[in-house]
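*Asks:* The following block contains the structure, expressed as structure tokens.
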Amino acid sequence: MVNHIKKSNQVVVIGASAGGIYALTEVVSHLPYNLQAAVILIQHLTRDHKTQLHEYLARRCLLPVRLAEDKLPIEAGVVYVSIPGHHLCLKDGYLLLKRGKPVNYVWPSLDVLFTSAAQEYGSRVIGVILTGTGRDGTRGAQKIKERGGVTIAQDEKSSYFFGMPRAAIEAGAIDYILPLDEIAEKIVDLARRDIRKRKRKAKEKIKR
């Protein structure tokens with residue numbers, strides 16, 4: 001059997017908390033069908049909450065949307081949605097679900113996802129922190145920047161709650177502070193820029 005799975009060379013990790021469903025929908029629904037990156041979403045929900053976010057997003061997105069599963073291959077052009085009560089990690093091109101203890105009082109935690117993305121994908125990560133309270137995502141955004149990735153935070157005016165974006169901004173962990181309706185466009189621009197960079201490097205290797 002031929003394996004048609006195209007594992008992603010680039011990931012976009014996006015996290016939100018209070019007020020996040022609208023924000024996530026606004027961003028993901030404006031991503032193009034031909035985005036050459038995997039998109040991995042975290043929405044803070046109570047542990048016992050049965051999420052239907054993936055079904056909600058699937059009706060509004062051009063990209064296919066899947067609920068996260070353990071050991072699921074990370075494919076380019078697919079949106080993956082976290083499930084409550086589990087941390088979401090990236091390892092060797094696969095999603096991993098881990099119960100563990102809450103981090104920043106929540107699971108799934110942005111810090112856990114962002115940190116694993118930075119470790120696995122380095123400069124090929126775009127990290128986005130949307131509306132929410134608390135500080136989850138700040139440490140993970142710092143890890144992404146340390147590895148050469150790019151970080152985005154929703155601005156105060158368009159956020160329902162500015163706690164999470166503010167914490168990351170004040171920690172110096174954010175490259176771009178943008179209103180909600182400009183974030184998808186920036187993600188697309190950064191993703192295309194990364195592809196062009198990798199193509200140039202490949203050509204330079206061939207010439208050598």
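Chain labels A, B, ... are given in the sequence in which chains occur in the structure tokens; within each chain residues are numbered consecutively from 1, and ligands are likewise numbered from 1 in the order shown.
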Per residue of segment 78-133 of chain A within 8 Å of segment 32-40 of chain A, record the nearest atom pair and its distance in Å to one decimal, counting only C-alpha atoms, with rows in chain order and ascending residue number, as a tab-separated table.

*Replies:*
residue	atom	partner	partner_atom	distance
A:Val78	CA	A:Ala38	CA	5.3
A:Val79	CA	A:Val39	CA	4.6
A:Tyr80	CA	A:Ile40	CA	4.7
A:Val81	CA	A:Ile40	CA	6.1
A:Ser82	CA	A:Ile40	CA	7.6

*Asks:* Keeping only C-alpha atoms, write those residues as a short mmCIF file (atom, residue, chain, number, x, y, z; two decimals), in the first residue's frame.

*Replies:*
data_model
loop_
_atom_site.label_atom_id
_atom_site.label_comp_id
_atom_site.auth_asym_id
_atom_site.auth_seq_id
_atom_site.Cartn_x
_atom_site.Cartn_y
_atom_site.Cartn_z
CA VAL A 78 -4.15 19.71 8.37
CA VAL A 79 -5.54 21.37 11.51
CA TYR A 80 -5.29 19.33 14.73
CA VAL A 81 -7.41 20.19 17.78
CA SER A 82 -6.41 19.30 21.35
#

*Asks:* Near Leu110 of chain A, within 7 Å and counting only C-alpha atoms, which residues show up once chain neighbours fewer than 4 positions away are dropped, as a ChimeraX atom specification?

*Replies:* /A:15,42,114,136-137,140

*Asks:* Pull the strand (DSSP E) assignments for segment 3-171 of chain A out of DSSP run on the backbone, and list those residues as a PDB file with N, CA, C and O atoms, in the first residue's frame.

*Replies:*
ATOM      1  N   VAL A  11       5.375  23.776  11.448  1.00  0.00           N
ATOM      2  CA  VAL A  11       4.164  23.722  12.258  1.00  0.00           C
ATOM      3  C   VAL A  11       3.782  25.115  12.748  1.00  0.00           C
ATOM      4  O   VAL A  11       4.641  25.953  13.019  1.00  0.00           O
ATOM      5  N   VAL A  12       2.471  25.321  12.839  1.00  0.00           N
ATOM      6  CA  VAL A  12       1.909  26.518  13.450  1.00  0.00           C
ATOM      7  C   VAL A  12       1.184  26.054  14.704  1.00  0.00           C
ATOM      8  O   VAL A  12       0.253  25.247  14.624  1.00  0.00           O
ATOM      9  N   VAL A  13       1.634  26.512  15.866  1.00  0.00           N
ATOM     10  CA  VAL A  13       1.005  26.114  17.128  1.00  0.00           C
ATOM     11  C   VAL A  13       0.275  27.331  17.690  1.00  0.00           C
ATOM     12  O   VAL A  13       0.847  28.403  17.838  1.00  0.00           O
ATOM     13  N   ILE A  14      -1.011  27.141  17.985  1.00  0.00           N
ATOM     14  CA  ILE A  14      -1.865  28.252  18.397  1.00  0.00           C
ATOM     15  C   ILE A  14      -2.576  27.877  19.679  1.00  0.00           C
ATOM     16  O   ILE A  14      -3.136  26.783  19.790  1.00  0.00           O
ATOM     17  N   GLY A  15      -2.569  28.776  20.659  1.00  0.00           N
ATOM     18  CA  GLY A  15      -3.240  28.504  21.919  1.00  0.00           C
ATOM     19  C   GLY A  15      -4.147  29.636  22.353  1.00  0.00           C
ATOM     20  O   GLY A  15      -3.867  30.812  22.107  1.00  0.00           O
ATOM     21  N   ALA A  16      -5.259  29.268  22.991  1.00  0.00           N
ATOM     22  CA  ALA A  16      -6.212  30.249  23.488  1.00  0.00           C
ATOM     23  C   ALA A  16      -6.866  29.724  24.749  1.00  0.00           C
ATOM     24  O   ALA A  16      -6.894  28.523  25.007  1.00  0.00           O
ATOM     25  N   ALA A  38       1.467  22.234   9.110  1.00  0.00           N
ATOM     26  CA  ALA A  38       0.455  21.686  10.012  1.00  0.00           C
ATOM     27  C   ALA A  38       0.073  22.767  11.018  1.00  0.00           C
ATOM     28  O   ALA A  38       0.905  23.574  11.434  1.00  0.00           O
ATOM     29  N   VAL A  39      -1.196  22.765  11.412  1.00  0.00           N
ATOM     30  CA  VAL A  39      -1.697  23.744  12.379  1.00  0.00           C
ATOM     31  C   VAL A  39      -2.216  22.970  13.593  1.00  0.00           C
ATOM     32  O   VAL A  39      -3.090  22.101  13.447  1.00  0.00           O
ATOM     33  N   ILE A  40      -1.699  23.290  14.762  1.00  0.00           N
ATOM     34  CA  ILE A  40      -2.043  22.535  15.967  1.00  0.00           C
ATOM     35  C   ILE A  40      -2.606  23.503  16.997  1.00  0.00           C
ATOM     36  O   ILE A  40      -1.940  24.466  17.385  1.00  0.00           O
ATOM     37  N   LEU A  41      -3.838  23.241  17.429  1.00  0.00           N
ATOM     38  CA  LEU A  41      -4.572  24.169  18.283  1.00  0.00           C
ATOM     39  C   LEU A  41      -4.753  23.638  19.690  1.00  0.00           C
ATOM     40  O   LEU A  41      -5.032  22.458  19.889  1.00  0.00           O
ATOM     41  N   ILE A  42      -4.648  24.557  20.655  1.00  0.00           N
ATOM     42  CA  ILE A  42      -5.014  24.260  22.040  1.00  0.00           C
ATOM     43  C   ILE A  42      -6.055  25.272  22.497  1.00  0.00           C
ATOM     44  O   ILE A  42      -5.883  26.479  22.319  1.00  0.00           O
ATOM     45  N   GLN A  43      -7.137  24.758  23.069  1.00  0.00           N
ATOM     46  CA  GLN A  43      -8.150  25.587  23.709  1.00  0.00           C
ATOM     47  C   GLN A  43      -8.307  25.081  25.142  1.00  0.00           C
ATOM     48  O   GLN A  43      -8.577  23.912  25.356  1.00  0.00           O
ATOM     49  N   VAL A  65      -9.859  19.321   9.335  1.00  0.00           N
ATOM     50  CA  VAL A  65      -9.695  19.465  10.782  1.00  0.00           C
ATOM     51  C   VAL A  65      -9.830  18.095  11.433  1.00  0.00           C
ATOM     52  O   VAL A  65     -10.782  17.354  11.148  1.00  0.00           O
ATOM     53  N   ARG A  66      -8.893  17.760  12.321  1.00  0.00           N
ATOM     54  CA  ARG A  66      -8.927  16.472  13.002  1.00  0.00           C
ATOM     55  C   ARG A  66      -8.758  16.662  14.497  1.00  0.00           C
ATOM     56  O   ARG A  66      -8.017  17.543  14.947  1.00  0.00           O
ATOM     57  N   LEU A  67      -9.416  15.818  15.260  1.00  0.00           N
ATOM     58  CA  LEU A  67      -9.213  15.790  16.699  1.00  0.00           C
ATOM     59  C   LEU A  67      -7.899  15.070  16.972  1.00  0.00           C
ATOM     60  O   LEU A  67      -7.605  14.032  16.355  1.00  0.00           O
ATOM     61  N   LEU A  72      -0.551  10.111  16.156  1.00  0.00           N
ATOM     62  CA  LEU A  72      -1.106  10.497  14.867  1.00  0.00           C
ATOM     63  C   LEU A  72      -0.046  11.259  14.073  1.00  0.00           C
ATOM     64  O   LEU A  72       0.556  12.200  14.598  1.00  0.00           O
ATOM     65  N   PRO A  73       0.230  10.877  12.808  1.00  0.00           N
ATOM     66  CA  PRO A  73       1.225  11.609  12.018  1.00  0.00           C
ATOM     67  C   PRO A  73       0.815  13.067  11.818  1.00  0.00           C
ATOM     68  O   PRO A  73      -0.369  13.362  11.625  1.00  0.00           O
ATOM     69  N   VAL A  79      -5.365  20.717  10.212  1.00  0.00           N
ATOM     70  CA  VAL A  79      -5.539  21.366  11.507  1.00  0.00           C
ATOM     71  C   VAL A  79      -5.847  20.286  12.552  1.00  0.00           C
ATOM     72  O   VAL A  79      -6.748  19.471  12.351  1.00  0.00           O
ATOM     73  N   TYR A  80      -5.091  20.288  13.648  1.00  0.00           N
ATOM     74  CA  TYR A  80      -5.295  19.328  14.735  1.00  0.00           C
ATOM     75  C   TYR A  80      -5.775  20.079  15.978  1.00  0.00           C
ATOM     76  O   TYR A  80      -5.211  21.109  16.341  1.00  0.00           O
ATOM     77  N   VAL A  81      -6.796  19.541  16.629  1.00  0.00           N
ATOM     78  CA  VAL A  81      -7.409  20.192  17.784  1.00  0.00           C
ATOM     79  C   VAL A  81      -7.171  19.349  19.036  1.00  0.00           C
ATOM     80  O   VAL A  81      -7.411  18.142  19.042  1.00  0.00           O
ATOM     81  N   HIS A  87      -2.114  16.678  27.867  1.00  0.00           N
ATOM     82  CA  HIS A  87      -1.143  17.559  27.238  1.00  0.00           C
ATOM     83  C   HIS A  87      -0.877  17.048  25.825  1.00  0.00           C
ATOM     84  O   HIS A  87      -0.952  15.845  25.557  1.00  0.00           O
ATOM     85  N   LEU A  88      -0.568  17.955  24.928  1.00  0.00           N
ATOM     86  CA  LEU A  88      -0.316  17.619  23.532  1.00  0.00           C
ATOM     87  C   LEU A  88       1.141  17.941  23.212  1.00  0.00           C
ATOM     88  O   LEU A  88       1.581  19.073  23.392  1.00  0.00           O
ATOM     89  N   CYS A  89       1.878  16.939  22.743  1.00  0.00           N
ATOM     90  CA  CYS A  89       3.303  17.103  22.427  1.00  0.00           C
ATOM     91  C   CYS A  89       3.567  16.661  20.997  1.00  0.00           C
ATOM     92  O   CYS A  89       2.785  15.913  20.399  1.00  0.00           O
ATOM     93  N   LEU A  90       4.695  17.109  20.457  1.00  0.00           N
ATOM     94  CA  LEU A  90       5.136  16.722  19.123  1.00  0.00           C
ATOM     95  C   LEU A  90       6.453  15.961  19.249  1.00  0.00           C
ATOM     96  O   LEU A  90       7.364  16.412  19.935  1.00  0.00           O
ATOM     97  N   LYS A  91       6.544  14.816  18.578  1.00  0.00           N
ATOM     98  CA  LYS A  91       7.762  14.008  18.667  1.00  0.00           C
ATOM     99  C   LYS A  91       7.937  13.185  17.398  1.00  0.00           C
ATOM    100  O   LYS A  91       7.057  12.397  17.032  1.00  0.00           O
ATOM    101  N   TYR A  94       5.063  13.046  14.981  1.00  0.00           N
ATOM    102  CA  TYR A  94       3.789  12.516  15.462  1.00  0.00           C
ATOM    103  C   TYR A  94       3.259  13.356  16.632  1.00  0.00           C
ATOM    104  O   TYR A  94       4.027  13.986  17.358  1.00  0.00           O
ATOM    105  N   LEU A  95       1.923  13.322  16.799  1.00  0.00           N
ATOM    106  CA  LEU A  95       1.308  13.884  17.986  1.00  0.00           C
ATOM    107  C   LEU A  95       1.374  12.860  19.114  1.00  0.00           C
ATOM    108  O   LEU A  95       1.202  11.666  18.883  1.00  0.00           O
ATOM    109  N   LEU A  96       1.623  13.337  20.317  1.00  0.00           N
ATOM    110  CA  LEU A  96       1.588  12.482  21.497  1.00  0.00           C
ATOM    111  C   LEU A  96       0.649  13.101  22.520  1.00  0.00           C
ATOM    112  O   LEU A  96       0.705  14.301  22.781  1.00  0.00           O
ATOM    113  N   LEU A  97      -0.221  12.294  23.101  1.00  0.00           N
ATOM    114  CA  LEU A  97      -1.111  12.740  24.169  1.00  0.00           C
ATOM    115  C   LEU A  97      -0.583  12.227  25.495  1.00  0.00           C
ATOM    116  O   LEU A  97      -0.281  11.042  25.629  1.00  0.00           O
ATOM    117  N   LYS A  98      -0.468  13.124  26.475  1.00  0.00           N
ATOM    118  CA  LYS A  98       0.040  12.748  27.796  1.00  0.00           C
ATOM    119  C   LYS A  98      -0.884  13.311  28.865  1.00  0.00           C
ATOM    120  O   LYS A  98      -1.257  14.481  28.818  1.00  0.00           O
ATOM    121  N   VAL A 125       8.920  26.805  13.375  1.00  0.00           N
ATOM    122  CA  VAL A 125       7.722  26.922  14.214  1.00  0.00           C
ATOM    123  C   VAL A 125       7.199  28.355  14.194  1.00  0.00           C
ATOM    124  O   VAL A 125       7.976  29.308  14.318  1.00  0.00           O
ATOM    125  N   ILE A 126       5.895  28.488  14.050  1.00  0.00           N
ATOM    126  CA  ILE A 126       5.210  29.760  14.265  1.00  0.00           C
ATOM    127  C   ILE A 126       4.301  29.547  15.466  1.00  0.00           C
ATOM    128  O   ILE A 126       3.421  28.690  15.440  1.00  0.00           O
ATOM    129  N   GLY A 127       4.525  30.301  16.539  1.00  0.00           N
ATOM    130  CA  GLY A 127       3.731  30.165  17.753  1.00  0.00           C
ATOM    131  C   GLY A 127       2.807  31.361  17.929  1.00  0.00           C
ATOM    132  O   GLY A 127       3.244  32.510  17.775  1.00  0.00           O
ATOM    133  N   VAL A 128       1.532  31.094  18.242  1.00  0.00           N
ATOM    134  CA  VAL A 128       0.540  32.161  18.342  1.00  0.00           C
ATOM    135  C   VAL A 128      -0.201  32.061  19.672  1.00  0.00           C
ATOM    136  O   VAL A 128      -0.753  31.003  19.997  1.00  0.00           O
ATOM    137  N   ILE A 129      -0.234  33.162  20.418  1.00  0.00           N
ATOM    138  CA  ILE A 129      -0.975  33.217  21.678  1.00  0.00           C
ATOM    139  C   ILE A 129      -2.155  34.158  21.504  1.00  0.00           C
ATOM    140  O   ILE A 129      -1.988  35.339  21.202  1.00  0.00           O
ATOM    141  N   VAL A 150       9.215  31.934  15.193  1.00  0.00           N
ATOM    142  CA  VAL A 150       8.570  33.245  15.217  1.00  0.00           C
ATOM    143  C   VAL A 150       7.321  33.166  16.088  1.00  0.00           C
ATOM    144  O   VAL A 150       6.592  32.168  16.065  1.00  0.00           O
ATOM    145  N   THR A 151       7.063  34.231  16.848  1.00  0.00           N
ATOM    146  CA  THR A 151       5.911  34.245  17.756  1.00  0.00           C
ATOM    147  C   THR A 151       5.008  35.446  17.485  1.00  0.00           C
ATOM    148  O   THR A 151       5.472  36.529  17.133  1.00  0.00           O
ATOM    149  N   ILE A 152       3.721  35.209  17.693  1.00  0.00           N
ATOM    150  CA  ILE A 152       2.692  36.232  17.470  1.00  0.00           C
ATOM    151  C   ILE A 152       1.775  36.264  18.685  1.00  0.00           C
ATOM    152  O   ILE A 152       1.446  35.212  19.244  1.00  0.00           O
ATOM    153  N   ALA A 153       1.341  37.452  19.078  1.00  0.00           N
ATOM    154  CA  ALA A 153       0.343  37.597  20.142  1.00  0.00           C
ATOM    155  C   ALA A 153      -0.797  38.475  19.657  1.00  0.00           C
ATOM    156  O   ALA A 153      -0.582  39.452  18.929  1.00  0.00           O
ATOM    157  N   GLN A 154      -2.005  38.139  20.061  1.00  0.00           N
ATOM    158  CA  GLN A 154      -3.172  38.967  19.773  1.00  0.00           C
ATOM    159  C   GLN A 154      -3.073  40.272  20.566  1.00  0.00           C
ATOM    160  O   GLN A 154      -2.650  40.272  21.718  1.00  0.00           O
TER     161      GLN A 154
END

*Asks:* Compile the contact shell of Leu57 of chain A as a VMD selection string: residues with an atom at most 10 Å away, counting only C-alpha atoms, same-chain residues fewer than 2 positions apart removed.

*Replies:* chain A and resid 21 24 to 26 28 to 29 52 to 55 59 to 66 79 81

*Asks:* Would you mind reading off the distance between atom CA of Ser158 of chain A and atom CA of Leu130 of chain A, one decimal, in Å?

*Replies:*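 Atom-to-atom, atom CA of Ser158 of chain A to atom CA of Leu130 of chain A, that is 9.6 Å.
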
*Asks:* Can you pull out the residues contacting Thr115 of chain A? Cut-off 7 Å, using only C-alpha atoms, and skip same-chain residues under 2 positions away; I want them as number ranges by chain.

*Replies:* A: 111-113, 117-119, 140, 143-144

*Asks:* Would you write out those residues with N, CA, C and O atoms, as a compact mmCIF listing (two decimals), in the first residue's frame?

*Replies:*
# COMPACT_ATOMS: atom_id res chain seq x y z
N ASP A 111 2.37 25.88 27.13
CA ASP A 111 3.81 25.75 27.38
C ASP A 111 4.33 24.38 26.97
O ASP A 111 5.42 24.25 26.40
N VAL A 112 3.57 23.34 27.26
CA VAL A 112 3.99 21.99 26.91
C VAL A 112 4.05 21.82 25.39
O VAL A 112 5.04 21.32 24.84
N LEU A 113 2.99 22.23 24.70
CA LEU A 113 2.97 22.12 23.24
C LEU A 113 4.05 22.97 22.60
O LEU A 113 4.81 22.50 21.74
N ALA A 117 7.25 21.71 20.38
CA ALA A 117 7.35 22.16 18.99
C ALA A 117 8.72 22.79 18.73
O ALA A 117 9.35 22.53 17.69
N ALA A 118 9.18 23.60 19.67
CA ALA A 118 10.50 24.24 19.52
C ALA A 118 11.60 23.19 19.48
O ALA A 118 12.54 23.29 18.66
N GLN A 119 11.50 22.19 20.32
CA GLN A 119 12.53 21.14 20.35
C GLN A 119 12.55 20.33 19.07
O GLN A 119 13.61 19.93 18.58
N GLY A 140 6.76 28.74 26.79
CA GLY A 140 6.84 28.07 25.50
C GLY A 140 7.20 29.01 24.37
O GLY A 140 7.97 28.65 23.46
N LYS A 143 10.85 29.60 24.38
CA LYS A 143 11.58 28.47 23.79
C LYS A 143 11.55 28.53 22.27
O LYS A 143 12.55 28.24 21.61
N ILE A 144 10.40 28.90 21.70
CA ILE A 144 10.31 29.02 20.26
C ILE A 144 11.28 30.07 19.74
O ILE A 144 12.01 29.86 18.76

*Asks:* Tell me which of A:Ser116, A:Ser159, A:Ser17, A:Gln10 sits closest to Arg135 of chain A, counting only C-alpha atoms.

*Replies:*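 With only C-alpha atoms as the atom set, the closest residue is A:Ser17.
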
*Asks:* Excluding Glu156 of chain A and its own-chain neighbours fewer than 6 positions away, which residues fall within 10 Å of it when counting only C-alpha atoms? Please give them as number ranges by chain.

*Replies:* A: 130-131, 162-163, 165-166, 177-180

*Asks:* In Å, with one decimal, what is the gap from atom CA of Arg139 of chain A to atom CA of Lys101 of chain A?

*Replies:*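 According to the coordinates, atom CA of Arg139 of chain A and atom CA of Lys101 of chain A are separated by 16.9 Å.
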
*Asks:* Measuring atom to atom with only C-alpha atoms, identify which of A:Phe161, A:Arg147, A:His30, A:Gly77 is nearest to Glu185 of chain A.

*Replies:* A:His30

*Asks:* Name the closest residue to Glu75 of chain A among the candidates A:Asn9, A:Thr133, A:Gly172, A:Pro108; distances are taken between atoms, counting only C-alpha atoms.

*Replies:*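 Answer, going by the shortest atom-to-atom distance: A:Asn9.
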
*Asks:* Could you give me the residues within segment 122-203 of chain A that DSSP places in helix (DSSP H, G or I), as number ranges by chain?

*Replies:* A: 122-124, 138-146, 163-170, 180-203

*Asks:* Quote the spacing between atom CA of Asn104 of chain A and atom CA of Ala184 of chain A in Å to one decimal place.

*Replies:*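 For atom CA of Asn104 of chain A relative to atom CA of Ala184 of chain A, the distance reads 26.7 Å.
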